[in-house]
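K.L.:
Below you'll find the structure I mean.
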Amino acid sequence: MASLESTRLKTESRTRWLLISPAMLVVIIGAIAPLLVIVIFSFLTPGPTGGVNFTPSFDAWTRVLFDRDLFDDTLTLSGTNLEILLRSLTLSLATTFLCLLVGFPTAYFIATRNPLNREVWLLLVTVPFWTNLLIRTFAIQDLIRNEGIINTLLLKAGLISAPIQILFTNFAICLGLVYVYLPLMILPVYASLERLDRNLLEAASDLYARPFKVLWEVIVPLSKPGIIAGSILVFIPSIGTYVTPILLGGGRNLMIGNYIELQFGQGRDWPFGSAISLTLMGIVMVALLIYIRHGDTRGHEHG
Amino acid sequence: MAKNFPVTHQRGFSAVAILTFIFLYAPLAVALVLAFNAGTSAAKWGGFSLRWFQSAANNQQVIAASVLSLKLAAISAVLATAAATLAALAMTRGPRFRGWTFTYGVISVPLMVPEIVTAVALLVVSATLRGWTGYTGLTYLIVAHTAFCVPFAYLPIRARLQTMDISLERAAGDLYASPWNAFRFVTMPLLFPGVLAGFILAFVTSLDDVVITEFVKTAGQDTLPTYMLGQVRRTITPEVNAIAAVFFVISVALVICIYAVNQRTKIN
C-alpha cells in the first residue's frame with residue numbers, strides 16, 4: 001500500500017513539474033539567465049571595442065560611486081554618477097509624492113460613489129493605463145511644447161509674452177511620470193479605502209471629530225497598506241524609466257536608465273553598465289522588500 | 001446617501017478627483033484631435049483631414065512595423081498564455097508543494113526587475129549569441145517578449161482558478177471522467193474567461209513594449225513603438241499622432257473586452 005501511495009505521489013509530482021517547466025524555462029532563458037550574465041560581467045573589465053575581457057576586477061563596482069584618478073589611482077566621490085543617481089532618486093520620489101497628493105483624493109472620491117458608478121470610474125482610471133506608454137508621453141509632449149497648446153493659449157490670453165520653457169526640464173520629466181503612473185497609485189489606495197469600515201468613520205464623527213481629523217487620524221492610518229503599495233508601485237517604474245527622460249528631458253536631464261544605455265551604446269563599457277544596472281536593481285529590491293513587509297499585497301501572493 | 005454624506009465628505013476631494021480625471025484624459029484628447037489636423041504644425045488647427053492617417057497607411061516602414069508588432073504580440077501572447085495556463089493549473093490544484101514559493105518567485109521575476117535592466121541584459125546576451133551563431137532572426141525578440149508576458153498571462157488565469165468551484169472537477173472524476181476529459185469538458189470551459197483575459201493582457205503588454213524591444217532588435221526589426229520612438233527623436237510629425245490614435249482605439253477596445261469578460265463571468 002505504502003509503495004502504491006508513494007508511486008502515486010511521484011507521478012503527481014512529475015506531472016506538476018512538467019506543467020510548470022515551460023513557464024519556468026522561458027522566464028529563465030528570457031530574463032534570469034541574462035541577469036546572471038550581467039552579474040558576471042560587472043566583475044570583469046571592458047574589452048577594447050565593447051564586450052568584456054575575462055579579467056576579474058572590482059573596478060566597475062568601484063566606479064559606481066568613485067572616480068579613479070588617472071595618475072595616482074586615488075579615489076574621489078564621482079560627481080557625475082552621484083548627480084545622476086541623486087536626480088533619479090529625487091525625481092522618482094517627487095513623482096511618488098505628487099501621485100499620492102492627487103491620487104489619494106481621487107481614490108477616496110471613487111470609493112465613496114455608489115457601487116455601480118464605482119466600476120465606471122475605475123474603468124476610467126484603467127483605460128489610460130492600458131494605452132501605450134509612448135503615446136501617453138507624446139501626448140504630454142504635444143501639450144507642453146513651446147508651440148504646444150498650453151503655451152499657445154497662454155500667449156493668446158496675454159498672460160505671457162514669450163513661451164515658457166516647460167519641455168526638456170526636470171519638471172517635464174516629473175509631469176510625464178506622474179501622468180503615466182498615476183493609475184498605479186489610485187488603484188491600490190482605492191482597494192484599501194473600499195474596505196474601510198464606515199462604522200469607524202461614523203463613530204469618529206459622532207464623537208465630534210472634524211472631517212479633517214477623521215481623515216488624518218482614522219482614514220489615512222487605516223489605508224496605510226494601500227498608500228505604501230501605491231507609492232512603491234509608482235516609485236519602482238519611475239526610478240527605472242528610460243523613455244520619459246528621452247522624450248521630455250531632451251537628453252540633457254539624464255536618469256539612471258539613460259545612463260545605463262550610454263554604457264552599452266556610445267560608452268561601450270559593459271562591466272560598468274552592468275554594475276549600474278545591478279545598483280538600480282538593488283534600489284528596486286529594497287523598495288520591494290518594504291512593499292512585501294508593509295504594503296497591501298493581497299491578490300499578489302498565495303497561489 | 002444623504003445620511004452618509006457628512007461622514008464621508010472631505011472638502012475639496014471631489015474637486016481634486018474631477019481635475020485628476022481631466023488631467024488623465026485631456027492630453028490624450030488633444031493628441032487624438034491633432035491626428036485629424038490638416039496642418040503640419042501641432043499648434044495650429046488647419047481643418048479636419050484624414051491626410052496623416054493616409055500618409056501613415058502608405059508608409060512602407062509603418063506597415064512593416066505594424067505587421068511585426070502584431071506578429072510578435074500574437075506569437076508571444078499565445079506561447080505565454082499556454083505556458084502560464086499549465087503553470088497556474090499545477091500551482092493552484094493540489095496541495096502546496098516543495099518549491100512552490102521558488103516557482104512563484106521565478107515566474108514573477110519579469111515584474112520585479114526594472115525593464116531597462118532586463119533590456120540591457122538581453123542586449124548583451126543576444127549580441128553575443130548573434131556573434132557566435134550568425135542567426136539574426138526573430139527568435140530573440142519572441143523569447144524576450146514571451147518571458148515578460150508570462151506573469152501578465154499568469155495572474156488572471158490564477159485568479160480565475162482560485163474562484164472556480166473545485167467540486168465540479170471532483171464530481172466529474174467521481175462520475176468516472178478520465179482526467180483529460182474532466183479537464184477538457186469541465187475545467188477548460190470554466191477557466192476560459194481567465195485564459196482569454198490572460199491572453200489579452202499578454203498581447204497588450206507585448207504590443208506596448210518599447211524598452212526591451214529597442215535593445216534586443218537588430219536592423220530591420222522595428223515594431224510600431226520602436227519606430228515611433230525613432231521618429232520622435234528626430235522631429236514629431238502628425239503622422240505619429242495618427243498612429244497613436246489607432247493604437248489608442250485598439251487598447252481601449254481590448255480593455256473594454258477584458259472588462260466585459262469579467263462582468264459576464266461575475267454574473268454567471
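Residues in the C-alpha cells are numbered from 1 in each chain, the chains being A, B, ... in the order shown, and ligands are numbered from 1 in the order shown.
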Write out as number ranges by chain the residues lying within 12 Å of Phe54 of chain A, counting only C-alpha atoms and excluding same-chain residues fewer than 6 positions away.

P.N.:
A: 40-47, 271

K.L.:
With C-alpha atoms retained, could you export that selection as a CSV table (one decimal), in the first residue's frame?

P.N.:
chain,number,residue,atom,x,y,z
A,40,ILE,CA,29.3,38.1,-14.0
A,41,PHE,CA,30.1,41.0,-16.5
A,42,SER,CA,30.1,43.5,-13.7
A,43,PHE,CA,33.1,41.8,-12.2
A,44,LEU,CA,35.1,41.8,-15.5
A,45,THR,CA,37.0,44.6,-17.4
A,46,PRO,CA,35.8,46.3,-20.6
A,47,GLY,CA,37.0,45.0,-23.9
A,271,PRO,CA,31.1,46.0,-16.9

K.L.:
With chain A as the partner and 6 Å as the cut-off, tabulate the residues of chain B that qualify, each row holding the nearest pair of atoms and their distance in Å to one decimal, using only C-alpha atoms, sorted by chain and rising number, as a Markdown table.

P.N.:
| residue | atom | partner | partner_atom | distance |
| --- | --- | --- | --- | --- |
| B:Val7 | CA | A:Glu202 | CA | 5.9 |
| B:Phe13 | CA | A:Pro105 | CA | 4.9 |
| B:Ser14 | CA | A:Phe109 | CA | 5.8 |
| B:Ala17 | CA | A:Thr106 | CA | 4.2 |
| B:Pro27 | CA | A:Ala139 | CA | 5.1 |
| B:Leu28 | CA | A:Ala139 | CA | 5.8 |
| B:Ala31 | CA | A:Ala139 | CA | 5.4 |
| B:Ala43 | CA | A:Gly148 | CA | 5.4 |
| B:Ala83 | CA | A:Ala23 | CA | 4.8 |
| B:Ala84 | CA | A:Ala23 | CA | 5.9 |
| B:Leu86 | CA | A:Leu19 | CA | 5.0 |
| B:Ala87 | CA | A:Ile20 | CA | 4.3 |
| B:Ala90 | CA | A:Arg16 | CA | 5.2 |
| B:Thr92 | CA | A:Gly303 | CA | 5.5 |
| B:Pro114 | CA | A:Gly240 | CA | 5.7 |
| B:Val117 | CA | A:Ser277 | CA | 5.5 |
| B:Ala121 | CA | A:Pro34 | CA | 5.0 |
| B:Leu122 | CA | A:Pro34 | CA | 5.6 |
| B:Val143 | CA | A:Gly30 | CA | 5.7 |
| B:Ala144 | CA | A:Gly30 | CA | 4.9 |
| B:Ala147 | CA | A:Val27 | CA | 4.7 |
| B:Asp208 | CA | A:Asn132 | CA | 5.2 |
| B:Ala244 | CA | A:Ile135 | CA | 5.8 |
| B:Phe248 | CA | A:Thr131 | CA | 5.8 |
| B:Ser251 | CA | A:Thr131 | CA | 5.6 |

K.L.:
Export N, CA, C and O atoms of the chosen residues as an mmCIF file, in the first residue's frame?

P.N.:
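Once everything was written out, this is again16.cif:
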data_model
loop_
_atom_site.group_PDB
_atom_site.id
_atom_site.type_symbol
_atom_site.label_atom_id
_atom_site.label_comp_id
_atom_site.auth_asym_id
_atom_site.auth_seq_id
_atom_site.Cartn_x
_atom_site.Cartn_y
_atom_site.Cartn_z
ATOM 1 N N VAL B 7 -20.437 61.990 6.830
ATOM 2 C CA VAL B 7 -19.377 61.114 7.325
ATOM 3 C C VAL B 7 -18.238 61.000 6.334
ATOM 4 O O VAL B 7 -17.067 61.092 6.690
ATOM 5 N N PHE B 13 -11.999 67.148 -1.976
ATOM 6 C CA PHE B 13 -11.583 65.877 -2.591
ATOM 7 C C PHE B 13 -12.246 65.663 -3.947
ATOM 8 O O PHE B 13 -11.614 65.216 -4.894
ATOM 9 N N SER B 14 -13.542 65.975 -4.027
ATOM 10 C CA SER B 14 -14.232 65.767 -5.304
ATOM 11 C C SER B 14 -13.632 66.648 -6.382
ATOM 12 O O SER B 14 -13.452 66.213 -7.519
ATOM 13 N N ALA B 17 -10.472 65.163 -7.523
ATOM 14 C CA ALA B 17 -10.738 63.967 -8.325
ATOM 15 C C ALA B 17 -11.154 64.343 -9.744
ATOM 16 O O ALA B 17 -10.643 63.773 -10.718
ATOM 17 N N PRO B 27 -4.689 65.308 -22.211
ATOM 18 C CA PRO B 27 -3.596 65.133 -23.171
ATOM 19 C C PRO B 27 -3.944 64.133 -24.272
ATOM 20 O O PRO B 27 -3.647 64.355 -25.444
ATOM 21 N N LEU B 28 -4.618 63.037 -23.893
ATOM 22 C CA LEU B 28 -4.993 62.030 -24.891
ATOM 23 C C LEU B 28 -5.997 62.614 -25.879
ATOM 24 O O LEU B 28 -5.904 62.382 -27.085
ATOM 25 N N ALA B 31 -4.177 64.849 -28.312
ATOM 26 C CA ALA B 31 -3.427 64.060 -29.293
ATOM 27 C C ALA B 31 -4.359 63.453 -30.334
ATOM 28 O O ALA B 31 -4.037 63.415 -31.526
ATOM 29 N N ALA B 43 0.486 73.223 -33.437
ATOM 30 C CA ALA B 43 -0.070 74.354 -32.699
ATOM 31 C C ALA B 43 -1.300 74.945 -33.381
ATOM 32 O O ALA B 43 -2.144 75.533 -32.725
ATOM 33 N N ALA B 83 1.913 28.528 -21.616
ATOM 34 C CA ALA B 83 2.818 28.191 -20.509
ATOM 35 C C ALA B 83 2.203 28.594 -19.176
ATOM 36 O O ALA B 83 2.255 27.840 -18.197
ATOM 37 N N ALA B 84 1.580 29.785 -19.136
ATOM 38 C CA ALA B 84 1.019 30.283 -17.879
ATOM 39 C C ALA B 84 -0.178 29.449 -17.436
ATOM 40 O O ALA B 84 -0.358 29.203 -16.242
ATOM 41 N N LEU B 86 -0.707 26.194 -17.997
ATOM 42 C CA LEU B 86 -0.199 24.944 -17.422
ATOM 43 C C LEU B 86 0.356 25.195 -16.022
ATOM 44 O O LEU B 86 0.053 24.472 -15.067
ATOM 45 N N ALA B 87 1.170 26.253 -15.898
ATOM 46 C CA ALA B 87 1.783 26.542 -14.605
ATOM 47 C C ALA B 87 0.715 26.853 -13.560
ATOM 48 O O ALA B 87 0.776 26.368 -12.427
ATOM 49 N N ALA B 90 -0.948 23.724 -12.272
ATOM 50 C CA ALA B 90 -0.100 22.977 -11.349
ATOM 51 C C ALA B 90 0.030 23.694 -10.010
ATOM 52 O O ALA B 90 0.150 23.058 -8.966
ATOM 53 N N THR B 92 -2.200 25.838 -8.537
ATOM 54 C CA THR B 92 -3.394 26.080 -7.724
ATOM 55 C C THR B 92 -4.161 24.801 -7.408
ATOM 56 O O THR B 92 -5.001 24.788 -6.527
ATOM 57 N N PRO B 114 13.618 45.992 -13.043
ATOM 58 C CA PRO B 114 13.341 47.148 -13.902
ATOM 59 C C PRO B 114 13.557 46.786 -15.364
ATOM 60 O O PRO B 114 14.496 46.069 -15.706
ATOM 61 N N VAL B 117 16.928 47.162 -17.040
ATOM 62 C CA VAL B 117 17.955 46.194 -16.637
ATOM 63 C C VAL B 117 17.793 44.906 -17.444
ATOM 64 O O VAL B 117 18.760 44.391 -18.019
ATOM 65 N N ALA B 121 20.498 43.459 -20.225
ATOM 66 C CA ALA B 121 20.961 42.082 -20.037
ATOM 67 C C ALA B 121 20.670 41.264 -21.292
ATOM 68 O O ALA B 121 21.515 40.500 -21.779
ATOM 69 N N LEU B 122 19.477 41.438 -21.846
ATOM 70 C CA LEU B 122 19.118 40.715 -23.070
ATOM 71 C C LEU B 122 19.942 41.196 -24.258
ATOM 72 O O LEU B 122 20.285 40.414 -25.145
ATOM 73 N N VAL B 143 11.483 35.192 -27.672
ATOM 74 C CA VAL B 143 11.802 34.685 -26.329
ATOM 75 C C VAL B 143 11.672 35.807 -25.301
ATOM 76 O O VAL B 143 11.054 35.636 -24.242
ATOM 77 N N ALA B 144 12.235 36.985 -25.620
ATOM 78 C CA ALA B 144 12.192 38.104 -24.676
ATOM 79 C C ALA B 144 10.749 38.487 -24.361
ATOM 80 O O ALA B 144 10.361 38.622 -23.198
ATOM 81 N N ALA B 147 8.840 35.833 -22.320
ATOM 82 C CA ALA B 147 9.254 35.807 -20.916
ATOM 83 C C ALA B 147 8.547 36.893 -20.116
ATOM 84 O O ALA B 147 7.987 36.620 -19.056
ATOM 85 N N ASP B 208 2.722 46.928 -26.363
ATOM 86 C CA ASP B 208 3.123 48.210 -25.765
ATOM 87 C C ASP B 208 4.621 48.319 -25.542
ATOM 88 O O ASP B 208 5.132 49.401 -25.322
ATOM 89 N N ALA B 244 -0.721 56.900 -33.229
ATOM 90 C CA ALA B 244 -1.092 56.868 -31.816
ATOM 91 C C ALA B 244 -2.598 56.735 -31.653
ATOM 92 O O ALA B 244 -3.078 55.989 -30.799
ATOM 93 N N PHE B 248 -4.477 53.850 -29.705
ATOM 94 C CA PHE B 248 -5.329 54.164 -28.565
ATOM 95 C C PHE B 248 -6.664 53.439 -28.688
ATOM 96 O O PHE B 248 -7.132 52.812 -27.740
ATOM 97 N N SER B 251 -6.219 49.749 -27.912
ATOM 98 C CA SER B 251 -6.052 49.489 -26.474
ATOM 99 C C SER B 251 -7.380 49.608 -25.747
ATOM 100 O O SER B 251 -7.721 48.753 -24.919
#

K.L.:
Please provide as an MDAnalysis selection string all residues within 6 Å of Val195 of chain B, with the sequence filter that same-chain residues fewer than 3 positions apart are discarded (counting only C-alpha atoms).

P.N.:
chainID B and resid 157 192 198

K.L.:
Can you list, as a list in words, every protein, DNA or RNA residue that comes within 8 Å of Phe235 of chain A when you count only C-alpha atoms, leaving out same-chain residues fewer than 2 positions away?

P.N.:
Ser92, Leu93, Thr95, Thr96, Ser231, Ile232, Leu233, Pro237, Ser238 and Ile239 of chain A

K.L.:
Using N, CA, C and O atoms, can you write the selected residues to a file as a short mmCIF file (atom, residue, chain, number, x, y, z; two decimals), in the first residue's frame?

P.N.:
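As written to disk, selection-v5.cif reads:
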data_model
loop_
_atom_site.label_atom_id
_atom_site.label_comp_id
_atom_site.auth_asym_id
_atom_site.auth_seq_id
_atom_site.Cartn_x
_atom_site.Cartn_y
_atom_site.Cartn_z
N SER A 92 12.05 60.52 -8.89
CA SER A 92 11.07 59.46 -8.69
C SER A 92 10.35 59.63 -7.35
O SER A 92 9.17 59.29 -7.25
N LEU A 93 11.05 60.16 -6.34
CA LEU A 93 10.36 60.42 -5.07
C LEU A 93 9.35 61.55 -5.23
O LEU A 93 8.23 61.46 -4.71
N THR A 95 7.82 62.33 -7.96
CA THR A 95 6.71 61.73 -8.71
C THR A 95 5.77 60.97 -7.78
O THR A 95 4.55 61.13 -7.84
N THR A 96 6.37 60.14 -6.91
CA THR A 96 5.58 59.35 -5.98
C THR A 96 4.72 60.26 -5.10
O THR A 96 3.53 60.02 -4.91
N SER A 231 2.61 53.74 -3.47
CA SER A 231 3.86 54.50 -3.55
C SER A 231 4.97 53.67 -4.16
O SER A 231 5.72 54.13 -5.02
N ILE A 232 5.07 52.42 -3.71
CA ILE A 232 6.13 51.56 -4.23
C ILE A 232 5.89 51.25 -5.71
O ILE A 232 6.80 51.27 -6.53
N LEU A 233 4.61 50.99 -6.04
CA LEU A 233 4.29 50.66 -7.44
C LEU A 233 4.59 51.83 -8.37
O LEU A 233 4.89 51.63 -9.54
N PRO A 237 8.76 51.82 -11.23
CA PRO A 237 8.96 52.12 -12.66
C PRO A 237 9.51 53.52 -12.89
O PRO A 237 10.18 53.77 -13.89
N SER A 238 9.23 54.47 -11.96
CA SER A 238 9.72 55.83 -12.15
C SER A 238 11.23 55.88 -12.10
O SER A 238 11.87 56.53 -12.92
N ILE A 239 11.82 55.19 -11.12
CA ILE A 239 13.27 55.30 -11.00
C ILE A 239 13.97 54.57 -12.14
O ILE A 239 15.07 54.93 -12.53
#

K.L.:
Based on the backbone DSSP call, show me all residues of segment 19-197 of chain B assigned alpha helix (DSSP H), as a ChimeraX atom specification.

P.N.:
/B:19-34,51-57,60-92,100-112,115-133,139-163,166-174,179-182,188-197

K.L.:
Restricting the calculation to only C-alpha atoms: of B:Val204, B:Cys149, B:Ala177, B:Leu190, which residue gets closest to Leu70 of chain B?

P.N.:
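Closest candidate: B:Val204.
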
K.L.:
Please return as a list in words: the residues of segment 42-145 of chain A that backbone DSSP assigns to strand (DSSP E or B).

P.N.:
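Of segment 42-145 of chain A, only Thr45, Pro46, Pro48, Gly50, Val52, Asn53, Phe66, Asp67, Arg68, Leu75, Thr76 and Leu77 of chain A fall in strand (DSSP E or B).
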
K.L.:
Find the residues near segment 46-53 of chain B: any atom within 7 Å, counting only C-alpha atoms, skip ones fewer than 3 places away on the same chain, and give them as a tab-separated table (two decimals) with C-alpha atoms, in the first residue's frame.

P.N.:
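Contents of the output file result_16.tsv:
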chain	number	residue	atom	x	y	z
B	35	ALA	CA	-4.35	63.33	-35.53
B	36	PHE	CA	-7.16	64.79	-37.64
B	37	ASN	CA	-5.41	68.13	-38.12
B	38	ALA	CA	-4.88	69.07	-41.78
B	39	GLY	CA	-1.98	71.37	-40.95
B	56	ALA	CA	0.83	56.57	-42.29
B	57	ALA	CA	-1.06	53.86	-44.18
B	238	PRO	CA	1.43	64.48	-37.19
B	239	GLU	CA	1.78	61.03	-38.74
B	242	ALA	CA	-2.36	59.28	-36.42

K.L.:
Please report the interatomic distance between atom CA of Leu86 of chain A and atom CA of Leu65 of chain A in Å with one decimal.

P.N.:
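Atom-to-atom, atom CA of Leu86 of chain A to atom CA of Leu65 of chain A, that is 11.6 Å.
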
K.L.:
I'd like the interatomic distance between atom CA of Val218 of chain A and atom CA of Val286 of chain A, to a tenth of an Å.

P.N.:
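Between atom CA of Val218 of chain A and atom CA of Val286 of chain A the gap works out to 28.4 Å.
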
K.L.:
Give me the residues within 10 Å of segment 222-227 of chain B as a compact mmCIF listing (two decimals) with N, CA and C atoms, in the first residue's frame, counting only C-alpha atoms and dropping any in the same chain fewer than 2 places off.

P.N.:
# COMPACT_ATOMS: atom_id res chain seq x y z
N ASN A 132 -0.70 52.71 -24.70
CA ASN A 132 0.75 52.69 -24.84
C ASN A 132 1.44 53.84 -24.11
N LEU A 133 2.45 53.50 -23.32
CA LEU A 133 3.19 54.48 -22.53
C LEU A 133 3.82 55.56 -23.41
N LEU A 134 4.30 55.13 -24.56
CA LEU A 134 4.94 56.05 -25.51
C LEU A 134 3.92 57.09 -25.98
N ILE A 135 2.71 56.62 -26.29
CA ILE A 135 1.66 57.51 -26.79
C ILE A 135 1.27 58.53 -25.74
N GLN B 61 7.49 51.71 -44.03
CA GLN B 61 8.10 51.41 -42.72
C GLN B 61 7.03 51.19 -41.66
N VAL B 62 5.98 52.03 -41.73
CA VAL B 62 4.89 51.89 -40.76
C VAL B 62 4.18 50.56 -40.93
N ILE B 63 3.95 50.19 -42.20
CA ILE B 63 3.26 48.92 -42.46
C ILE B 63 4.10 47.75 -41.93
N ALA B 64 5.40 47.77 -42.28
CA ALA B 64 6.28 46.68 -41.84
C ALA B 64 6.31 46.60 -40.32
N ALA B 65 6.40 47.78 -39.65
CA ALA B 65 6.47 47.80 -38.19
C ALA B 65 5.16 47.30 -37.58
N SER B 66 4.02 47.67 -38.18
CA SER B 66 2.74 47.21 -37.65
C SER B 66 2.62 45.70 -37.75
N VAL B 67 3.00 45.17 -38.93
CA VAL B 67 2.92 43.73 -39.14
C VAL B 67 3.79 43.01 -38.12
N LEU B 68 5.01 43.52 -37.93
CA LEU B 68 5.91 42.86 -36.99
C LEU B 68 5.36 42.94 -35.57
N SER B 69 4.82 44.11 -35.19
CA SER B 69 4.25 44.27 -33.84
C SER B 69 3.16 43.24 -33.59
N LEU B 70 2.23 43.12 -34.54
CA LEU B 70 1.10 42.21 -34.36
C LEU B 70 1.56 40.76 -34.34
N LYS B 71 2.50 40.43 -35.23
CA LYS B 71 3.02 39.07 -35.31
C LYS B 71 3.69 38.69 -33.99
N LEU B 72 4.56 39.59 -33.53
CA LEU B 72 5.30 39.35 -32.30
C LEU B 72 4.35 39.21 -31.12
N LEU B 207 2.50 44.32 -27.21
CA LEU B 207 2.26 45.38 -28.19
C LEU B 207 2.80 46.72 -27.69
N ASP B 208 2.72 46.93 -26.36
CA ASP B 208 3.12 48.21 -25.77
C ASP B 208 4.62 48.32 -25.54
N ASP B 209 5.31 47.19 -25.53
CA ASP B 209 6.69 47.24 -25.08
C ASP B 209 7.55 48.06 -26.01
N VAL B 210 8.35 48.95 -25.43
CA VAL B 210 9.30 49.69 -26.25
C VAL B 210 10.73 49.45 -25.78
N VAL B 211 10.97 49.42 -24.46
CA VAL B 211 12.35 49.39 -23.96
C VAL B 211 13.06 48.10 -24.34
N ILE B 212 12.45 46.96 -23.99
CA ILE B 212 13.12 45.68 -24.25
C ILE B 212 13.31 45.46 -25.76
N THR B 213 12.26 45.77 -26.53
CA THR B 213 12.36 45.61 -27.99
C THR B 213 13.48 46.49 -28.56
N GLU B 214 13.54 47.74 -28.08
CA GLU B 214 14.55 48.68 -28.56
C GLU B 214 15.96 48.13 -28.41
N PHE B 215 16.20 47.38 -27.33
CA PHE B 215 17.56 46.88 -27.07
C PHE B 215 17.83 45.53 -27.73
N LYS B 217 16.24 44.24 -30.57
CA LYS B 217 16.06 44.18 -32.04
C LYS B 217 17.39 44.44 -32.77
N THR B 218 17.46 43.94 -34.01
CA THR B 218 18.56 44.36 -34.89
C THR B 218 17.96 45.17 -36.02
N ALA B 219 18.81 45.60 -36.94
CA ALA B 219 18.35 46.41 -38.06
C ALA B 219 17.18 45.74 -38.76
N GLY B 220 16.15 46.52 -39.10
CA GLY B 220 15.02 45.98 -39.83
C GLY B 220 14.01 45.26 -38.97
N LEU B 229 9.40 55.78 -31.56
CA LEU B 229 10.46 56.36 -30.73
C LEU B 229 11.55 56.95 -31.62
N GLY B 230 11.91 56.20 -32.66
CA GLY B 230 12.94 56.67 -33.58
C GLY B 230 12.51 57.94 -34.30
N GLN B 231 11.24 58.02 -34.69
CA GLN B 231 10.73 59.20 -35.37
C GLN B 231 10.76 60.43 -34.47
N VAL B 232 10.31 60.22 -33.24
CA VAL B 232 10.15 61.36 -32.35
C VAL B 232 11.50 61.89 -31.89
N VAL B 240 2.76 60.52 -36.59
CA VAL B 240 2.87 59.78 -35.33
C VAL B 240 1.57 59.89 -34.54
N ILE B 243 -0.88 57.39 -35.95
CA ILE B 243 -0.59 56.02 -35.49
C ILE B 243 -1.03 55.88 -34.03
N ALA B 244 -0.72 56.90 -33.23
CA ALA B 244 -1.09 56.87 -31.82
C ALA B 244 -2.60 56.73 -31.65
N PHE B 247 -3.62 53.18 -32.29
CA PHE B 247 -3.17 52.42 -31.15
C PHE B 247 -4.11 52.58 -29.96

K.L.:
Report, in Å with one decimal, the straight-line distance from atom CA of Pro225 of chain A to atom CA of Arg195 of chain A.

P.N.:
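A separation of 11.6 Å between them.
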